[in-house]
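Asks: Next up, entry.cif (mmCIF, C-alpha atoms).
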```
data_structure
loop_
_atom_site.label_atom_id
_atom_site.label_comp_id
_atom_site.auth_asym_id
_atom_site.auth_seq_id
_atom_site.Cartn_x
_atom_site.Cartn_y
_atom_site.Cartn_z
CA MET A 92 -13.31 7.02 -4.96
CA ASN A 93 -13.90 6.89 -1.22
CA ARG A 94 -15.89 4.50 0.98
CA GLN A 95 -18.80 6.89 1.41
CA TYR A 96 -19.26 7.22 -2.33
CA ILE A 97 -18.95 3.46 -2.79
CA ARG A 98 -21.61 2.76 -0.16
CA ASP A 99 -24.00 5.57 -1.14
CA ASN A 100 -23.94 4.59 -4.79
CA GLN A 101 -23.96 0.79 -4.42
CA VAL A 102 -20.72 0.74 -6.36
CA VAL A 103 -19.91 -2.84 -5.29
CA GLU A 104 -23.25 -4.17 -6.48
CA ARG A 105 -23.25 -2.10 -9.68
CA TYR A 106 -19.72 -3.25 -10.44
CA LEU A 107 -20.81 -6.87 -10.22
CA GLN A 108 -23.76 -6.09 -12.48
CA GLY A 109 -21.47 -4.35 -14.98
CA ARG A 110 -23.36 -1.09 -14.56
CA LEU A 111 -20.59 1.35 -13.65
CA THR A 112 -19.50 3.97 -16.14
CA ALA A 113 -16.02 3.45 -17.55
CA ASP A 114 -14.58 6.15 -15.28
CA GLU A 115 -16.31 4.77 -12.19
CA GLN A 116 -15.12 1.28 -13.04
CA ALA A 117 -11.51 2.41 -13.42
CA ALA A 118 -11.61 4.40 -10.17
CA PHE A 119 -13.22 1.53 -8.26
CA GLU A 120 -10.78 -1.05 -9.56
CA GLU A 121 -7.85 1.18 -8.63
CA ALA A 122 -9.39 1.62 -5.18
CA TYR A 123 -9.80 -2.08 -4.40
CA LEU A 124 -6.39 -3.05 -5.82
CA GLY A 125 -4.66 -1.52 -2.81
CA ASP A 126 -7.43 -1.96 -0.24
CA ALA A 127 -7.75 -5.47 1.20
CA GLU A 128 -10.87 -4.61 3.18
CA LEU A 129 -12.70 -3.28 0.16
CA LEU A 130 -11.61 -6.26 -1.90
CA GLN A 131 -12.98 -8.56 0.79
CA GLU A 132 -16.32 -6.76 0.72
CA LEU A 133 -16.42 -7.10 -3.05
CA LYS A 134 -15.63 -10.81 -2.94
CA THR A 135 -18.28 -11.35 -0.30
CA ALA A 136 -20.89 -9.55 -2.40
CA ASP A 137 -19.87 -11.69 -5.36
CA LEU A 138 -20.28 -14.85 -3.30
CA LEU A 139 -23.61 -13.65 -1.97
CA ARG A 140 -24.84 -13.09 -5.50
CA ARG A 141 -23.68 -16.55 -6.54
CA GLY A 142 -25.35 -18.01 -3.48
CA LEU A 143 -28.65 -16.27 -4.18
CA GLU A 144 -28.55 -17.49 -7.76
CA ALA A 145 -27.87 -21.04 -6.58
CA HIS A 146 -30.67 -20.79 -4.04
CA ASP A 147 -33.04 -19.47 -6.70
CA ALA A 148 -32.02 -22.17 -9.18
CA ALA A 149 -32.62 -24.86 -6.57
CA GLN A 150 -36.09 -23.50 -5.87
CA ARG A 151 -36.90 -23.42 -9.57
CA ARG A 152 -35.76 -27.01 -9.99
CA GLU A 153 -38.12 -28.08 -7.23
CA GLN A 154 -41.04 -26.30 -8.90
CA ARG A 155 -40.27 -27.27 -12.49
CA PRO A 156 -42.02 -30.71 -12.87
CA SER A 157 -45.49 -29.45 -11.97
CA ALA A 158 -45.10 -26.30 -14.04
CA ALA A 159 -44.02 -28.32 -17.09
CA ALA A 160 -46.99 -30.63 -16.70
CA ARG A 161 -49.38 -27.69 -16.64
CA SER A 162 -47.95 -25.98 -19.71
CA ALA A 163 -47.59 -29.05 -21.99
CA PRO A 164 -51.15 -29.07 -23.48
CA VAL A 165 -50.90 -25.34 -24.22
CA ARG A 166 -47.68 -25.84 -26.19
CA SER A 167 -49.20 -28.67 -28.27
CA ALA A 168 -52.25 -26.63 -29.18
CA ALA A 169 -50.14 -23.69 -30.25
CA ALA A 170 -47.65 -25.72 -32.33
CA PRO A 171 -49.23 -25.11 -35.83
CA ARG A 172 -49.20 -21.37 -35.21
CA TYR A 173 -45.54 -21.49 -34.19
CA ALA A 174 -44.71 -23.47 -37.34
CA LEU A 175 -46.42 -20.89 -39.52
CA ALA A 176 -44.64 -18.03 -37.76
CA ALA A 177 -41.30 -19.83 -38.06
CA SER A 178 -41.82 -20.29 -41.83
CA LEU A 179 -42.55 -16.59 -42.24
CA VAL A 180 -39.45 -15.60 -40.25
CA ALA A 181 -37.29 -18.00 -42.28
CA GLY A 182 -38.60 -16.52 -45.54
CA ILE A 183 -37.92 -12.97 -44.45
CA ALA A 184 -34.44 -13.92 -43.21
CA LEU A 185 -33.62 -15.58 -46.55
CA SER A 186 -34.68 -12.47 -48.50
CA PHE A 187 -32.69 -10.25 -46.20
CA SER A 188 -29.55 -12.38 -46.44
CA SER A 189 -29.75 -12.20 -50.27
CA TYR A 190 -29.90 -8.42 -49.99
CA LEU A 191 -26.88 -8.43 -47.66
CA PHE A 192 -24.99 -10.66 -50.08
CA LEU A 193 -25.46 -8.12 -52.88
CA GLU A 194 -24.32 -5.35 -50.54
CA ASN A 195 -21.18 -7.29 -49.62
CA ARG A 196 -20.30 -7.80 -53.27
CA GLU A 197 -20.21 -4.04 -53.64
CA LEU A 198 -17.81 -3.85 -50.78
CA ARG A 199 -15.42 -6.00 -52.74
CA SER A 200 -15.29 -3.52 -55.62
CA GLU A 201 -12.59 -0.93 -56.30
CA ASN A 202 -14.02 1.30 -53.55
CA PHE A 203 -12.60 -1.00 -50.90
CA ALA A 204 -9.57 0.64 -49.30
CA PRO A 205 -6.86 -1.15 -47.31
CA ALA A 206 -7.00 -0.51 -43.59
CA ARG A 207 -4.63 -0.88 -40.66
CA ILE A 208 -6.07 -2.00 -37.33
CA LEU A 209 -4.75 -0.33 -34.18
CA PRO A 210 -5.86 -1.52 -30.74
CA LEU A 211 -6.01 1.26 -28.14
CA VAL A 212 -5.85 0.55 -24.42
CA ALA A 213 -6.69 3.04 -21.68
CA VAL A 214 -3.64 3.20 -19.44
CA ARG A 215 -3.19 5.80 -16.73
CA GLY A 216 0.20 7.30 -15.92
CA ASP A 217 1.86 6.04 -19.05
CA SER A 218 1.65 7.15 -22.66
CA ALA A 219 0.94 3.65 -23.91
CA ASN A 220 -0.86 4.45 -27.16
CA SER A 221 1.53 5.78 -29.72
CA ILE A 222 0.86 5.19 -33.38
CA GLU A 223 2.65 6.25 -36.50
CA ALA A 224 0.96 8.52 -39.02
CA ALA A 225 0.08 6.68 -42.20
CA ALA A 226 1.76 7.92 -45.32
CA THR A 227 -0.84 6.34 -47.60
CA ASN A 228 -4.42 7.32 -48.26
CA ASP A 229 -5.89 4.27 -46.54
CA ARG A 230 -8.15 3.93 -43.51
CA THR A 231 -7.22 3.41 -39.87
CA VAL A 232 -9.38 1.26 -37.59
CA LEU A 233 -9.06 2.19 -33.92
CA LEU A 234 -10.06 -0.71 -31.69
CA LEU A 235 -11.62 0.28 -28.37
CA ASP A 236 -12.57 -1.88 -25.41
CA PRO A 237 -16.14 -0.90 -24.44
CA GLY A 238 -15.81 -2.47 -20.97
CA PHE A 239 -18.08 -4.90 -19.12
CA THR A 240 -21.50 -3.64 -19.99
CA PRO A 241 -22.70 -4.43 -23.49
CA TYR A 242 -24.66 -1.74 -25.31
CA ASP A 243 -26.68 -2.06 -28.50
CA ARG A 244 -24.76 0.69 -30.21
CA TYR A 245 -21.82 2.98 -29.59
CA ARG A 246 -20.75 6.45 -30.67
CA ALA A 247 -17.05 7.31 -31.04
CA THR A 248 -15.70 10.84 -31.33
CA VAL A 249 -12.07 11.61 -32.12
CA VAL A 250 -10.81 14.95 -30.79
CA ARG A 251 -7.46 16.68 -31.22
CA ARG A 252 -6.25 17.48 -27.70
CA THR A 253 -4.23 20.57 -28.50
CA ASP A 254 -7.22 22.66 -29.62
CA GLY A 255 -10.19 20.42 -28.78
CA ALA A 256 -11.21 20.23 -32.44
CA GLU A 257 -13.56 17.34 -33.24
CA LEU A 258 -12.07 15.49 -36.17
CA PHE A 259 -14.36 12.58 -36.68
CA SER A 260 -17.50 11.05 -35.21
CA LEU A 261 -19.30 7.78 -35.90
CA ASP A 262 -22.58 6.57 -34.46
CA GLY A 263 -24.34 3.21 -34.61
CA LEU A 264 -21.19 1.17 -33.98
CA THR A 265 -21.36 -2.32 -32.51
CA SER A 266 -18.79 -4.36 -30.61
CA SER A 267 -18.25 -6.85 -33.38
CA TYR A 268 -14.50 -7.39 -33.37
CA GLU A 269 -13.64 -9.79 -30.49
CA GLY A 270 -15.85 -7.76 -28.20
CA GLN A 271 -14.21 -4.51 -29.21
CA VAL A 272 -15.55 -1.50 -31.04
CA GLY A 273 -13.81 -0.73 -34.32
CA VAL A 274 -13.75 2.92 -35.44
CA SER A 275 -12.77 3.16 -39.10
CA MET A 276 -11.58 6.61 -40.16
CA PRO A 277 -9.49 8.08 -43.00
CA SER A 278 -5.82 7.85 -42.03
CA ARG A 279 -5.14 11.32 -43.48
CA LEU A 280 -7.05 12.87 -40.56
CA LEU A 281 -4.52 11.51 -38.08
CA THR A 282 -1.62 13.86 -38.57
CA PRO A 283 1.15 13.89 -35.91
CA GLY A 284 -0.18 15.20 -32.58
CA ASP A 285 -2.11 14.25 -29.46
CA TYR A 286 -5.65 12.91 -29.72
CA GLU A 287 -8.33 11.26 -27.68
CA VAL A 288 -11.28 9.18 -28.64
CA ALA A 289 -14.45 9.31 -26.55
CA LEU A 290 -16.83 6.36 -26.51
CA ALA A 291 -20.51 6.47 -25.54
CA GLY A 292 -23.01 3.62 -25.48
CA ARG A 293 -26.78 3.32 -25.48
CA MET A 294 -29.48 0.68 -25.69
CA ARG A 295 -32.01 0.44 -28.50
CA ASP A 296 -35.04 0.72 -26.23
CA TRP A 297 -33.89 3.85 -24.41
CA PRO A 298 -36.08 6.92 -24.93
CA GLU A 299 -34.53 9.53 -27.19
CA GLN A 300 -34.30 12.10 -24.41
CA ARG A 301 -32.09 9.79 -22.36
CA ALA A 302 -28.42 10.61 -22.83
CA SER A 303 -25.98 7.89 -23.84
CA ASP A 304 -23.70 6.47 -21.16
CA ASP A 305 -20.24 7.99 -21.21
CA LEU A 306 -17.76 5.10 -21.46
CA GLY A 307 -14.66 7.22 -21.08
CA THR A 308 -11.91 8.49 -23.31
CA THR A 309 -8.68 6.94 -24.52
CA ALA A 310 -5.72 9.14 -25.33
CA PHE A 311 -3.28 8.39 -28.10
CA THR A 312 -0.39 10.07 -29.84
CA VAL A 313 0.31 10.06 -33.55
CA THR A 314 3.97 10.35 -34.44
CA ALA A 315 5.50 11.35 -37.76
CA PRO A 316 6.18 8.47 -40.15
CA ARG A 317 9.71 7.19 -40.03
CA MET B 81 -11.44 3.52 0.99
CA ASP B 82 -11.96 6.83 2.85
CA ASP B 83 -10.07 10.04 2.08
CA GLN B 84 -7.44 9.22 4.69
CA SER B 85 -6.81 5.73 3.38
CA GLU B 86 -6.79 7.06 -0.18
CA GLN B 87 -4.00 9.42 0.85
CA ASN B 88 -2.27 6.56 2.63
CA GLU B 89 -2.49 4.46 -0.51
CA HIS B 90 -0.72 7.17 -2.49
CA GLU B 91 1.99 7.47 0.15
CA ILE B 92 2.46 3.71 0.40
CA ALA B 93 2.61 3.36 -3.39
CA ALA B 94 5.18 6.15 -3.74
CA ASP B 95 7.24 4.64 -0.93
CA LEU B 96 7.14 1.17 -2.49
CA ALA B 97 8.16 2.59 -5.84
CA ARG B 98 11.08 4.44 -4.26
CA GLN B 99 12.31 1.37 -2.37
CA ILE B 100 12.05 -0.91 -5.38
CA GLY B 101 13.94 1.70 -7.39
CA GLN B 102 16.66 1.49 -4.73
CA GLY B 103 16.86 -2.28 -5.14
CA VAL B 104 15.04 -3.34 -1.95
CA ARG B 105 13.77 -6.83 -2.83
CA ALA B 106 11.56 -7.01 0.26
CA ALA B 107 9.59 -4.09 -1.12
CA GLU B 108 8.82 -6.15 -4.22
CA GLU B 109 7.30 -8.83 -2.01
CA VAL B 110 5.21 -6.21 -0.26
CA LEU B 111 4.01 -4.94 -3.62
CA VAL B 112 3.01 -8.44 -4.71
CA ALA B 113 1.22 -9.10 -1.42
CA ARG B 114 -0.57 -5.75 -1.50
CA TYR B 115 -1.77 -5.61 -5.09
CA GLY B 116 -1.68 -9.29 -6.15
CA PRO B 117 -5.05 -10.46 -4.77
CA GLY B 118 -6.96 -7.49 -6.15
CA LEU B 119 -5.25 -7.79 -9.49
CA HIS B 120 -6.18 -11.46 -9.69
CA TYR B 121 -9.80 -10.68 -8.90
CA LEU B 122 -9.89 -7.87 -11.48
CA LEU B 123 -8.48 -10.13 -14.16
CA LYS B 124 -10.86 -12.93 -13.26
CA GLN B 125 -13.72 -10.53 -13.89
CA ARG B 126 -12.39 -10.00 -17.40
CA THR B 127 -11.14 -13.45 -18.31
CA ARG B 128 -13.65 -15.65 -16.43
CA ASP B 129 -10.67 -17.99 -16.09
CA SER B 130 -8.83 -18.08 -12.78
CA GLU B 131 -5.69 -19.76 -14.11
CA LEU B 132 -5.39 -17.38 -17.06
CA ALA B 133 -5.93 -14.48 -14.66
CA LEU B 134 -3.04 -15.74 -12.54
CA ASP B 135 -0.78 -15.93 -15.59
CA ILE B 136 -1.62 -12.42 -16.76
CA ARG B 137 -1.23 -11.10 -13.22
CA GLN B 138 2.24 -12.54 -13.00
CA ASP B 139 3.23 -10.91 -16.28
CA ALA B 140 1.73 -7.59 -15.19
CA LEU B 141 3.61 -7.65 -11.88
CA ARG B 142 6.82 -8.50 -13.69
CA VAL B 143 6.39 -5.59 -16.11
CA VAL B 144 5.62 -3.16 -13.30
CA ILE B 145 8.44 -4.32 -11.04
CA GLU B 146 10.92 -4.02 -13.89
CA LYS B 147 9.63 -0.51 -14.56
CA LEU B 148 9.99 0.38 -10.88
CA ARG B 149 13.49 -1.06 -10.73
CA SER B 150 14.48 1.23 -13.56
CA GLY B 151 12.94 4.16 -11.70
CA THR B 152 11.15 5.44 -14.80
CA LEU B 153 7.54 5.28 -13.63
CA GLU B 154 5.83 8.65 -13.79
CA GLU B 155 3.46 9.42 -10.90
CA PRO B 156 4.52 6.48 -8.69
CA GLU B 157 1.75 7.38 -6.25
CA ARG B 158 -0.67 6.14 -8.92
CA LEU B 159 0.86 2.68 -8.85
CA ALA B 160 -2.53 0.93 -8.61
CA GLY B 161 -3.75 2.68 -11.73
CA TYR B 162 -0.58 1.80 -13.58
CA LEU B 163 -0.82 -1.87 -12.54
CA ARG B 164 -4.43 -1.98 -13.66
CA GLY B 165 -3.54 -0.43 -16.99
CA ILE B 166 -0.74 -2.87 -17.65
CA ALA B 167 -2.89 -5.84 -16.66
CA LEU B 168 -5.66 -4.76 -19.01
CA LYS B 169 -3.18 -4.14 -21.76
CA LEU B 170 -1.82 -7.66 -21.37
CA TRP B 171 -5.34 -9.06 -21.32
CA GLY B 172 -6.11 -7.11 -24.48
CA ALA B 173 -3.04 -8.60 -26.09
CA GLN B 174 -4.08 -12.06 -24.97
CA ARG B 175 -7.51 -11.56 -26.47
CA ARG B 176 -5.98 -10.59 -29.76
CA LYS B 177 -4.11 -13.85 -29.64
CA GLU B 178 -0.75 -12.20 -29.75
CA VAL B 179 2.11 -14.14 -28.27
CA ARG B 180 2.84 -12.89 -24.83
CA ARG B 181 6.46 -12.55 -23.90
CA ALA B 182 7.90 -15.48 -22.01
CA THR B 183 8.28 -14.94 -18.31
CA THR B 184 11.83 -14.03 -17.40
CA ALA B 185 11.26 -13.31 -13.75
CA ASP B 186 14.35 -13.03 -11.64
CA SER B 187 12.65 -11.95 -8.47
CA ASP B 188 11.78 -14.20 -5.56
CA ALA B 189 8.65 -12.18 -5.04
CA ILE B 190 7.42 -12.80 -8.56
CA GLU B 191 8.35 -16.47 -8.46
CA ALA B 192 6.49 -16.84 -5.21
CA ILE B 193 3.18 -15.85 -6.71
CA ALA B 194 3.42 -18.61 -9.32
CA ASP B 195 2.36 -20.99 -6.55
CA ASP B 196 -0.48 -18.78 -5.46
CA ARG B 197 -3.55 -20.72 -6.51
CA ALA B 198 -7.12 -19.64 -6.71
CA ASP B 199 -9.05 -18.31 -3.71
CA PRO B 200 -10.70 -20.97 -1.53
CA GLU B 201 -14.03 -19.25 -2.16
CA GLU B 202 -13.77 -20.13 -5.84
CA ARG B 203 -13.97 -23.77 -4.91
CA LEU B 204 -17.24 -23.52 -3.05
CA SER B 205 -19.97 -25.31 -4.91
CA GLU B 206 -23.24 -23.62 -5.80
CA GLU B 207 -25.02 -26.02 -3.46
CA GLN B 208 -22.80 -25.00 -0.56
CA LEU B 209 -23.29 -21.32 -1.27
CA GLY B 210 -27.03 -21.87 -1.57
CA HIS B 211 -26.98 -23.43 1.89
CA ALA B 212 -25.20 -20.42 3.37
CA VAL B 213 -27.66 -18.08 1.67
CA ARG B 214 -30.65 -19.97 3.07
CA GLU B 215 -29.17 -19.51 6.53
CA LEU B 216 -28.68 -15.81 5.91
CA LEU B 217 -32.19 -15.32 4.55
CA ALA B 218 -33.63 -17.13 7.57
CA GLU B 219 -31.78 -14.75 9.89
CA LEU B 220 -33.01 -11.57 8.23
CA SER B 221 -35.57 -9.93 10.43
CA THR B 222 -38.21 -8.95 7.91
CA PRO B 223 -39.45 -10.23 4.54
CA ARG B 224 -38.73 -6.75 3.20
CA ASP B 225 -35.01 -7.12 3.92
CA ARG B 226 -34.98 -10.48 2.15
CA ASP B 227 -36.73 -8.79 -0.73
CA ILE B 228 -34.01 -6.13 -0.87
CA LEU B 229 -31.30 -8.76 -1.30
CA THR B 230 -33.25 -10.59 -3.97
CA ARG B 231 -34.00 -7.44 -5.94
CA VAL B 232 -30.44 -6.09 -5.76
CA TYR B 233 -28.44 -9.27 -6.31
CA LEU B 234 -30.75 -11.55 -8.23
CA LEU B 235 -33.01 -9.26 -10.24
CA GLU B 236 -30.28 -6.60 -10.50
CA GLU B 237 -32.74 -3.76 -10.03
CA GLU B 238 -31.51 -0.19 -9.67
CA LYS B 239 -31.31 1.29 -6.19
CA GLU B 240 -34.04 3.86 -6.90
CA ALA B 241 -36.39 1.18 -8.20
CA VAL B 242 -35.84 -1.01 -5.14
CA CYS B 243 -36.41 1.90 -2.75
CA ALA B 244 -39.57 2.92 -4.57
CA ALA B 245 -40.99 -0.59 -4.78
CA LEU B 246 -40.36 -1.42 -1.13
CA GLU B 247 -40.93 2.09 0.20
CA VAL B 248 -37.60 2.28 2.00
CA ASP B 249 -35.07 5.10 1.95
CA SER B 250 -31.61 4.65 0.52
CA LEU B 251 -30.01 4.71 3.98
CA HIS B 252 -32.01 1.68 5.03
CA LEU B 253 -31.12 -0.10 1.82
CA ASN B 254 -27.42 0.68 2.35
CA ARG B 255 -27.62 -0.65 5.90
CA VAL B 256 -29.30 -3.89 4.86
CA LEU B 257 -26.76 -4.53 2.12
CA PHE B 258 -23.82 -3.73 4.37
CA ARG B 259 -25.03 -5.93 7.23
CA ALA B 260 -26.00 -8.75 4.90
CA LYS B 261 -22.52 -8.83 3.42
CA GLN B 262 -20.93 -8.78 6.86
CA ARG B 263 -23.17 -11.56 8.13
CA PHE B 264 -22.75 -13.65 5.01
CA ARG B 265 -19.00 -13.38 5.35
CA GLU B 266 -19.27 -14.66 8.93
CA LEU B 267 -21.48 -17.56 7.84
CA VAL B 268 -19.08 -18.59 5.11
CA GLU B 269 -16.08 -18.37 7.45
CA ARG B 270 -17.85 -20.28 10.22
CA ALA B 271 -19.02 -22.96 7.83
CA LYS B 272 -15.50 -23.38 6.48
CA GLN B 273 -14.11 -23.71 10.00
CA HIS B 274 -16.71 -26.33 10.91
CA GLY B 275 -16.29 -28.18 7.66
CA GLU B 276 -19.87 -27.45 6.70
CA LEU B 277 -18.70 -26.05 3.41
CA ARG B 278 -16.30 -28.60 2.06
CA LEU B 279 -13.83 -27.49 -0.53
CA VAL B 280 -14.40 -29.08 -3.90
CA ARG B 281 -12.11 -29.08 -6.89
#
```
Please re-express this file's structure in C-alpha cells.

Replies:
Amino acid sequence: MNRQYIRDNQVVERYLQGRLTADEQAAFEEAYLGDAELLQELKTADLLRRGLEAHDAAQRREQRPSAAARSAPVRSAAAPRYALAASLVAGIALSFSSYLFLENRELRSENFAPARILPLVAVRGDSANSIEAAATNDRTVLLLDPGFTPYDRYRATVVRRTDGAELFSLDGLTSSYEGQVGVSMPSRLLTPGDYEVALAGRMRDWPEQRASDDLGTTAFTVTAPR
Amino acid sequence: MDDQSEQNEHEIAADLARQIGQGVRAAEEVLVARYGPGLHYLLKQRTRDSELALDIRQDALRVVIEKLRSGTLEEPERLAGYLRGIALKLWGAQRRKEVRRATTADSDAIEAIADDRADPEERLSEEQLGHAVRELLAELSTPRDRDILTRVYLLEEEKEAVCAALEVDSLHLNRVLFRAKQRFRELVERAKQHGELRLVR
C-alpha cells in the first residue's frame, strides 16, 4: 500500500473509523509499522479526531441547559404514552423469552453433539494455524476475528485450497463469542489438507443488491490425528 | 509509503533479519526502534489499553527476535507483516484469557523497551486538544474547509458523501485533510514547547 493510495482513499481516516476491509487494514498496518512518517500522520489524525470530539462535546455542554429546559414539558406530556409502549414491549419480550427457553431445552436433548473450539488467527509468512483432524463424529467450531468494524451478520465459507472445493458455508452468523465469530461445522468435513475460511460481513439495513464486505480469508492446515 | 520506500522497507527488513541471524545485537535494537512505536499504536487500537499494549508488544518483539536469531523466518522481507501477525496472535490469546508465557528476555534491546512508556500525546487532556482544535478551525480559510473536517472526523461521513454535499472534488478534500493534519501537528508541538498543553497523568 503506497502513499498515493493511502491519500487518495482516505485510508488514515477510514482506518480510524474502522471502515477498511480486512485486507486493506492488514496492508495499512504493515505499512505504518515500518514507516515513522506515516505513523506520525496517523497519530496526528487520531489526535485531531479526539480534539474535534472534545471541541464538539464542549459546545454541546454549553448549549445543554437551555435545550433541556425547552424539552422538559414535552417529555412530561408524552410520559403516559411511553409507559404504555414500554408495557407492550415488556409483554412481547416476556413471550419471546419463553419461546427461546423452550428452544434451548431442545438443544439440551440427545441431538446436542460435543464440539471442540479452535481459534484461528490470520498470520502472514508463517503457517500458524495447524489443527489436528478429529477422529470422532463431533463438531468443530472455528473462531474468527472479524476485525474492527462490527457487522450485523457474517457469512463464513470454508474452501479446500488444493482444488478450490467449497466444503461448508454458513450465513447469519454474529460475533457473539468474545467478539469473535464462531463457525460450527461437522468435524468429519475437515480431513487432512490445506483449507481457508473466507469471512464476509453486512449490515441489516443494506439493500439486497449491495454486496457484503469481504473481511478476508484465514488459511489453516488440518493434520492427520496422532 | 511510496513504491520506493516500500522497496526500501523490504530491503531494510531483510537486512535486519540477516544481521540478527548473525548475532548482531545492535540490529535487534534497530528493529525495536523501527517497529516498536507502530506496534504499540496498533495494539492500542485493539486493546484500548496502553499498558497492556506495551506488554503484548514486548512479548511479540521477543518472539520475533528469537525467531530471527534462529534464522528460521520465511520471507524475512515481510518482517512487518510477521510482527503484526504475532502481535495479533498474542492479543487473541490474551483475549481468550490464556496464560501468556512469562517474559524470558535476554536482550538489552528488549529490556530497554520495558521502560518505554506511553506517548506524550496520550496524556493530553480532551480540554487541551479541544483548545488546539479551536485554534486550527480559526485558521482555516473558509467555512467549507471547517465543514470538511467536521464531516470527515466527527460525523465520519464517506468521502463521496462529503464531496457531494459540499460540492468539492476529491483532490480538494485530500488537500484540506493533508494540510489540516500538518498544521494541527505544528499547533500541538508548539503548544507543548510553550507549555500551553500541559501533560496530565

Asks: Quick one: which chain B residues come within 7 Å of chain A, and what is the nearest atom pair for each with the distance in Å to one decimal, counting all atoms listed in the file, rows ordered by chain and ascending number, as JSON lines?

Replies:
```
{"residue": "B:Met81", "atom": "CA", "partner": "A:Arg94", "partner_atom": "CA", "distance": 4.6}
{"residue": "B:Asp82", "atom": "CA", "partner": "A:Asn93", "partner_atom": "CA", "distance": 4.5}
{"residue": "B:Asp83", "atom": "CA", "partner": "A:Asn93", "partner_atom": "CA", "distance": 6.0}
{"residue": "B:Glu89", "atom": "CA", "partner": "A:Gly125", "partner_atom": "CA", "distance": 6.8}
{"residue": "B:Arg114", "atom": "CA", "partner": "A:Gly125", "partner_atom": "CA", "distance": 6.0}
{"residue": "B:Tyr115", "atom": "CA", "partner": "A:Leu124", "partner_atom": "CA", "distance": 5.3}
{"residue": "B:Gly118", "atom": "CA", "partner": "A:Leu124", "partner_atom": "CA", "distance": 4.5}
{"residue": "B:Leu119", "atom": "CA", "partner": "A:Leu124", "partner_atom": "CA", "distance": 6.1}
{"residue": "B:Glu154", "atom": "CA", "partner": "A:Gly216", "partner_atom": "CA", "distance": 6.2}
{"residue": "B:Glu155", "atom": "CA", "partner": "A:Gly216", "partner_atom": "CA", "distance": 6.3}
{"residue": "B:Ala160", "atom": "CA", "partner": "A:Glu121", "partner_atom": "CA", "distance": 5.3}
{"residue": "B:Gly161", "atom": "CA", "partner": "A:Glu121", "partner_atom": "CA", "distance": 5.4}
{"residue": "B:Tyr162", "atom": "CA", "partner": "A:Arg215", "partner_atom": "CA", "distance": 5.7}
{"residue": "B:Arg164", "atom": "CA", "partner": "A:Glu121", "partner_atom": "CA", "distance": 6.9}
{"residue": "B:Gly165", "atom": "CA", "partner": "A:Val214", "partner_atom": "CA", "distance": 4.4}
{"residue": "B:Ile166", "atom": "CA", "partner": "A:Val214", "partner_atom": "CA", "distance": 7.0}
{"residue": "B:Lys169", "atom": "CA", "partner": "A:Val212", "partner_atom": "CA", "distance": 6.0}
{"residue": "B:Glu206", "atom": "CA", "partner": "A:Ala145", "partner_atom": "CA", "distance": 5.4}
{"residue": "B:Glu207", "atom": "CA", "partner": "A:Ala145", "partner_atom": "CA", "distance": 6.5}
{"residue": "B:Leu209", "atom": "CA", "partner": "A:Gly142", "partner_atom": "CA", "distance": 4.5}
{"residue": "B:Gly210", "atom": "CA", "partner": "A:His146", "partner_atom": "CA", "distance": 4.5}
{"residue": "B:Val213", "atom": "CA", "partner": "A:Gly142", "partner_atom": "CA", "distance": 5.6}
{"residue": "B:Tyr233", "atom": "CA", "partner": "A:Arg140", "partner_atom": "CA", "distance": 5.3}
{"residue": "B:Leu234", "atom": "CA", "partner": "A:Glu144", "partner_atom": "CA", "distance": 6.4}
{"residue": "B:Glu236", "atom": "CA", "partner": "A:Gln108", "partner_atom": "CA", "distance": 6.8}
{"residue": "B:Asn254", "atom": "CA", "partner": "A:Arg98", "partner_atom": "CA", "distance": 6.7}
{"residue": "B:Lys261", "atom": "CA", "partner": "A:Ala136", "partner_atom": "CA", "distance": 6.1}
{"residue": "B:Arg265", "atom": "CA", "partner": "A:Thr135", "partner_atom": "CA", "distance": 6.0}
```

Asks: In Å, with one decimal, what is the gap from atom CA of Glu91 of chain B to atom CA of Ala167 of chain B?

Replies: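 Pair atom CA of Glu91 of chain B / atom CA of Ala167 of chain B returns 22.0 Å.
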
Asks: Tell me which residues the PyMOL selection byres ((chain A and resi 245-252) around 6) grabs here, as a ChimeraX atom specification.

Replies: /A:244,253-264,285-292

Asks: Go through B:Tyr121, B:Arg224, B:Leu163, B:Val268 one by one, measure the shortest atom-to-atom distance of each to Gln208 of chain B using only C-alpha atoms, and give the residue with the smallest value.

Replies: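 Between B:Tyr121, B:Arg224, B:Leu163, B:Val268, the residue approaching Gln208 of chain B most closely is B:Val268.
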
Asks: What does the distance from atom CA of Asp305 of chain A to atom CA of Leu233 of chain A come to in Å, to one decimal?

Replies: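 Between atom CA of Asp305 of chain A and atom CA of Leu233 of chain A the gap is 17.9 Å.
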
Asks: Once the PyMOL selection byres ((chain A and resi 280) around 10) is applied to the coordinates I shared, what remains selected? I want it as a PyMOL selection string.

Replies: chain A and resi 224-225+228+230-231+249+258-259+276-279+281-283

Asks: Just to be explicit: take each residue in the selection above, keep C-alpha atoms, and write the result as a short mmCIF file (atom, residue, chain, number, x, y, z; two decimals), keeping the file's coordinate frame.

Replies:
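What follows is the written file result_11.cif:
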```
data_model
loop_
_atom_site.label_atom_id
_atom_site.label_comp_id
_atom_site.auth_asym_id
_atom_site.auth_seq_id
_atom_site.Cartn_x
_atom_site.Cartn_y
_atom_site.Cartn_z
CA ALA A 224 0.96 8.52 -39.02
CA ALA A 225 0.08 6.68 -42.20
CA ASN A 228 -4.42 7.32 -48.26
CA ARG A 230 -8.15 3.93 -43.51
CA THR A 231 -7.22 3.41 -39.87
CA VAL A 249 -12.07 11.61 -32.12
CA LEU A 258 -12.07 15.49 -36.17
CA PHE A 259 -14.36 12.58 -36.68
CA MET A 276 -11.58 6.61 -40.16
CA PRO A 277 -9.49 8.08 -43.00
CA SER A 278 -5.82 7.85 -42.03
CA ARG A 279 -5.14 11.32 -43.48
CA LEU A 281 -4.52 11.51 -38.08
CA THR A 282 -1.62 13.86 -38.57
CA PRO A 283 1.15 13.89 -35.91
#
```

Asks: Would you mind listing what lies within 9 Å of Ile222 of chain A as an NGL selection string, with only C-alpha atoms counted and same-chain residues fewer than 6 positions away left out?

Replies: :A and (209 or 311-315)

Asks: Atom CA of Ala212 of chain B and atom CA of Glu269 of chain B, how far apart in Å?

Replies: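 So the two atoms, atom CA of Glu269 of chain B and atom CA of Ala212 of chain B, lie 10.2 Å apart.
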
Asks: From the options B:Ala241, B:Ala173, B:Leu217, B:Leu159, which residue's atoms come nearest to His90 of chain B, counting only C-alpha atoms?

Replies: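 Comparing B:Ala241, B:Ala173, B:Leu217, B:Leu159 against His90 of chain B, the winner is B:Leu159.
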